[in-house]
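S.K.: Got a structure here, written out as structure tokens. Questions coming.
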Amino acid sequence: MRFLWPIVALLALLLVGVLPTALAMVDALRDPVQAWAALVDPVLWSRLVTTLGIAGATLALALPLGVMQAWLLMRTDLPLRRLLMMLTPFPLFLPPLVHVLSWFGMVRLGGYTAIVLVYVISFLPFVVLLAARAMRQINREQHEAMRLAGGRRAVVVDEWRQAWPAAMVGGALTLVFVLSDFAVADFLTSVGPSVTVYGDTLYAHHLALRPAGAAAAALPGLVLCVILLVWALRMRRRLGVSVDARFEHAPVMRLGWWRWPALAVAATPVMIGTVLPLVSLAMQTGSWGTLAQQASIASERMWFTLRIGAIAATGMIVLGLPLAALATRMKRRWMIDVLVFIPLAIPPLLYGIGLIRVWNRPGLDAVYVGAGAVIIAMIGRYLAFAYLPLGGAVERMDRSMFESARLAGAGVVARFWHVLLPLLRSPIAAAWCVSFCFTLRELDSLIMLRAGQQSLTFHLYSSVVFARQDEVAAIALLLACITFAPLLIFLMLSNRSLRFV
Amino acid sequence: MPNAITIDNLVAAYGNVRAVDKLSLHAAAGEHVVIIGPSGSGKTTLLRCVAGLHRPAGGRIACGERVWDDRTTHVAPEQRQIGMIAQNPGLWPHMTALQHLRFVLRCRGVKRSQRDAQAREMLTLVSMFHRASHRPSELSGGEAQRLALARALIAGSRVLLLDEPLGQLDIALRRELGPVIREVAGRMGATVLHVTHDPADALSLADTVVAVENGVITQVGSPDALRSKPATPFVAQVVRT
């Protein structure tokens, strides 16, 4: 009984994450000639290099900006820093396509500059959140020792130095997302100079009905992403020093008069990533009438998206919690980490193909054609973002509370309901909220699934080609609103910031 | 004797390191056995083995006629009906003092109608009635240990394992709570295995003192016997203090 749920969860993980990936990659073996041709195609490598260049430029901007932002929010007496910290993750939950649509309405940027800027805005929160996490662990003694040794300057340099590895972990996650995205490049190409990225190659193979080619073309990206994620996870664990009961936070630095200009600096990324997109989309929409009309047209898709998002987020918790509990008991927990992260590492298009391979079978039509495959896709893709915070929460729990419950006579079920769940209520609510919001941004893998085309994100993607600009803006605004609403409700009710990486 | 503890040739290890090495011990029913020893001598591991929280690598543990651990048997901790208080009492932060005791009674299958009265009675016994609706974060160190004691005893535990339960308290509280534990455990007729670093605790509370060094027992006897004829320099140092 003790291992029943973890084992069931592990089997579910294999079915949801590992099997689709494996079956999609097996396609390359079915037609080795086609696969080899795709793999040695210079276009593939040039696009990969281009995408890595875009990612490099994104990181060159996001890393210093993110560390500085984290430092201002965590280590100084900046006004409104709690509010800004709460709003920091918001841009991450909007699909990059919504960011580019909102920015295109304000500034007619195009080409590679635009794509880099959109990625910086979208993924900066990864860097900020992880760097902030590292800075939260700086204790008073360490701070005071550094102050005595070298004064304020030494303190600042030391704090930045400590945040840097964590920021690099955020950079690795950014790179993984940049490698898999193609919607932004598609949009920019449709409105300006052509921008082609690595994801386009995979899509082209898929459209040309070359599954072996798609699998082979995905291989370099997959290898790169797995290496990055394994490194990031190991690094994250090494940085995750546990905070004991005697831990005292280091005092924040007083900025004096400088805190007002610093507030302007720190608020800018939050405004650019969260408030301005909404304002821009509202302005592009133009009138309530357009918004109401699009809401009415898209109402079914909206409810479908919300419904499957809620089910998928619940599934992620049901799956993530026992996996997290299992991982904390394992010596080689990195094995579970890798299994959870594989669907995130694989290009989403290929993951979608893998899901088709698994579920498009006689007798499984109900799952494949219906919402089942979409829910599975969302669980597989974003399970990592439920598993990580739940794992951290389970790890931080005091073992002695469970031991005393066992000695009191509590069985597995009683321990789960009366000790584990009440103590994890807040992390579970946060993980659910984060997972739910991530499901709303998913596009790439859903394109491959029939029912996925009923989602609001897909509706937005297809409207870019077929609808007027105000209509597209209205749909994007609706998507942004239904994404931000649950986050705001959670943050207001819980009065805490989201920590999920 | 239903709650006499018998340990035969117990071996407990962490990887290749043996924390307890062929240790044998008998605690008669209702006896208060104090285990002393330097840090790392295997005292806590011994208690965790008795509690069922650490599975022994060899040997046998029995309570009365019932075997808890041997080569083929391992009774789960929740089925041993024992109470344990450690330095970190492991209280549940989301429950009040009363809810702690109600939860234990519920786990032990006590009828809902009887739980409240029994819980309040136990809180009174450990002088915690006035703190019934407080959570652990609102209790002082001494109160938290009293609650842990009440929790350990309320299920009618006939065996009580104490792993330096007073270690984090100041001397005044230790002197106050030590006799409380002894009195309450005595009233319940519980057999007590009590690990401590404090020589005063060892000599004042014990019926029998067991000295453990490097995972093996070096001396067993009454406090007077240890005082008059210490077998090792460590025991001599303890009785001199």
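The way I read the labels, and the way they are meant: chains A, B, ... in the order of the structure tokens, residue 1 as the first residue of every chain, and ligand 1 as the first ligand shown, with later ones counted on from there.
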Just need the residues of chain A within 7 Å of chain B, counting only C-alpha atoms, so spit them out as a ChimeraX atom specification.

M.R.: /A:400-401,404,406-411,422-423

S.K.: Restricting the output to C-alpha atoms, write the selected residues as a PDB file, in the first residue's frame.

M.R.:
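That gives us result.pdb:
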```pdb
ATOM      1  CA  SER A 400       9.467  13.354  12.418  1.00  0.00           C
ATOM      2  CA  MET A 401       5.836  14.415  11.845  1.00  0.00           C
ATOM      3  CA  SER A 404       5.076  10.324  15.083  1.00  0.00           C
ATOM      4  CA  ARG A 406       2.997   6.176  12.329  1.00  0.00           C
ATOM      5  CA  LEU A 407       3.741   5.577  15.979  1.00  0.00           C
ATOM      6  CA  ALA A 408       0.349   7.042  16.848  1.00  0.00           C
ATOM      7  CA  GLY A 409      -1.136   4.249  14.760  1.00  0.00           C
ATOM      8  CA  ALA A 410      -1.970   6.204  11.607  1.00  0.00           C
ATOM      9  CA  GLY A 411      -1.969   4.067   8.473  1.00  0.00           C
ATOM     10  CA  PRO A 422      -3.230  19.696   5.346  1.00  0.00           C
ATOM     11  CA  LEU A 423       0.448  20.578   5.470  1.00  0.00           C
TER      12      LEU A 423
END
```

S.K.: Check segment 35-254 of chain A with DSSP on the backbone and list each residue it calls alpha helix (DSSP H), as a ChimeraX atom specification.

M.R.: /A:35-39,42-75,81-87,90-93,96-106,111-136,140-180,183-191,198-207,211-239

S.K.: Env of Ala57 of chain B: 7 Å cut, atoms = only C-alpha atoms, seq-sep filter 5 positions within chain, self excluded. Answer as a ChimeraX atom specification.

M.R.: /B:11-13

S.K.: Could you please take those selected residues and save C-alpha atoms as a PDB file, in the first residue's frame?

M.R.:
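Listing of out14.pdb after writing:
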```
ATOM      1  CA  VAL B  11      22.374  -5.584  14.783  1.00  0.00           C
ATOM      2  CA  ALA B  12      21.548  -2.298  13.061  1.00  0.00           C
ATOM      3  CA  ALA B  13      23.596  -0.730  10.303  1.00  0.00           C
TER       4      ALA B  13
END
```

S.K.: Do a neighbour search on segment 154-170 of chain A at 8 Å with only C-alpha atoms, toss out local chain neighbours closer than 2 positions, and write the hits as JSON, numbers by chain.

M.R.: {"A": [63, 66, 67, 68, 71, 126, 127, 128, 129, 130, 131, 132, 133, 134, 135, 138, 143, 146, 147, 149, 150, 151, 152, 172, 173, 174, 232, 233, 235, 236, 239]}

S.K.: Using C-alpha atoms, can you export the residues from the last selection as a PDB file, in the first residue's frame?

M.R.:
```pdb
ATOM      1  CA  LEU A  63      20.679  36.972 -17.433  1.00  0.00           C
ATOM      2  CA  GLY A  66      17.130  38.988 -14.333  1.00  0.00           C
ATOM      3  CA  VAL A  67      19.848  38.941 -11.677  1.00  0.00           C
ATOM      4  CA  MET A  68      19.559  42.675 -11.201  1.00  0.00           C
ATOM      5  CA  TRP A  71      18.531  41.563  -6.379  1.00  0.00           C
ATOM      6  CA  PHE A 126      12.620  32.017 -15.162  1.00  0.00           C
ATOM      7  CA  VAL A 127      15.865  33.879 -14.470  1.00  0.00           C
ATOM      8  CA  VAL A 128      14.363  36.272 -11.930  1.00  0.00           C
ATOM      9  CA  LEU A 129      12.550  33.561  -9.960  1.00  0.00           C
ATOM     10  CA  LEU A 130      15.565  31.284  -9.707  1.00  0.00           C
ATOM     11  CA  ALA A 131      17.983  34.075  -8.876  1.00  0.00           C
ATOM     12  CA  ALA A 132      15.517  35.335  -6.251  1.00  0.00           C
ATOM     13  CA  ARG A 133      15.354  31.830  -4.803  1.00  0.00           C
ATOM     14  CA  ALA A 134      19.145  31.814  -4.407  1.00  0.00           C
ATOM     15  CA  MET A 135      19.133  35.251  -2.819  1.00  0.00           C
ATOM     16  CA  ILE A 138      21.495  34.324   2.062  1.00  0.00           C
ATOM     17  CA  HIS A 143      25.881  38.877   5.160  1.00  0.00           C
ATOM     18  CA  MET A 146      30.960  39.881   4.146  1.00  0.00           C
ATOM     19  CA  ARG A 147      30.067  43.381   5.363  1.00  0.00           C
ATOM     20  CA  ALA A 149      35.340  41.959   5.335  1.00  0.00           C
ATOM     21  CA  GLY A 150      34.681  44.326   2.458  1.00  0.00           C
ATOM     22  CA  GLY A 151      31.801  46.703   3.135  1.00  0.00           C
ATOM     23  CA  ARG A 152      28.614  47.198   1.118  1.00  0.00           C
ATOM     24  CA  ALA A 172      18.737  26.677 -19.381  1.00  0.00           C
ATOM     25  CA  LEU A 173      14.950  26.499 -19.019  1.00  0.00           C
ATOM     26  CA  THR A 174      14.653  29.538 -21.287  1.00  0.00           C
ATOM     27  CA  ALA A 232      19.835  22.506 -14.605  1.00  0.00           C
ATOM     28  CA  LEU A 233      18.169  19.999 -12.269  1.00  0.00           C
ATOM     29  CA  MET A 235      22.475  22.513 -10.271  1.00  0.00           C
ATOM     30  CA  ARG A 236      19.084  23.451  -8.836  1.00  0.00           C
ATOM     31  CA  LEU A 239      21.756  25.290  -4.865  1.00  0.00           C
TER      32      LEU A 239
END
```

S.K.: Could you jot down the atom CA of Leu228 of chain A to atom CA of Leu175 of chain A separation for me, Å, one decimal place?

M.R.: 8.3 Å
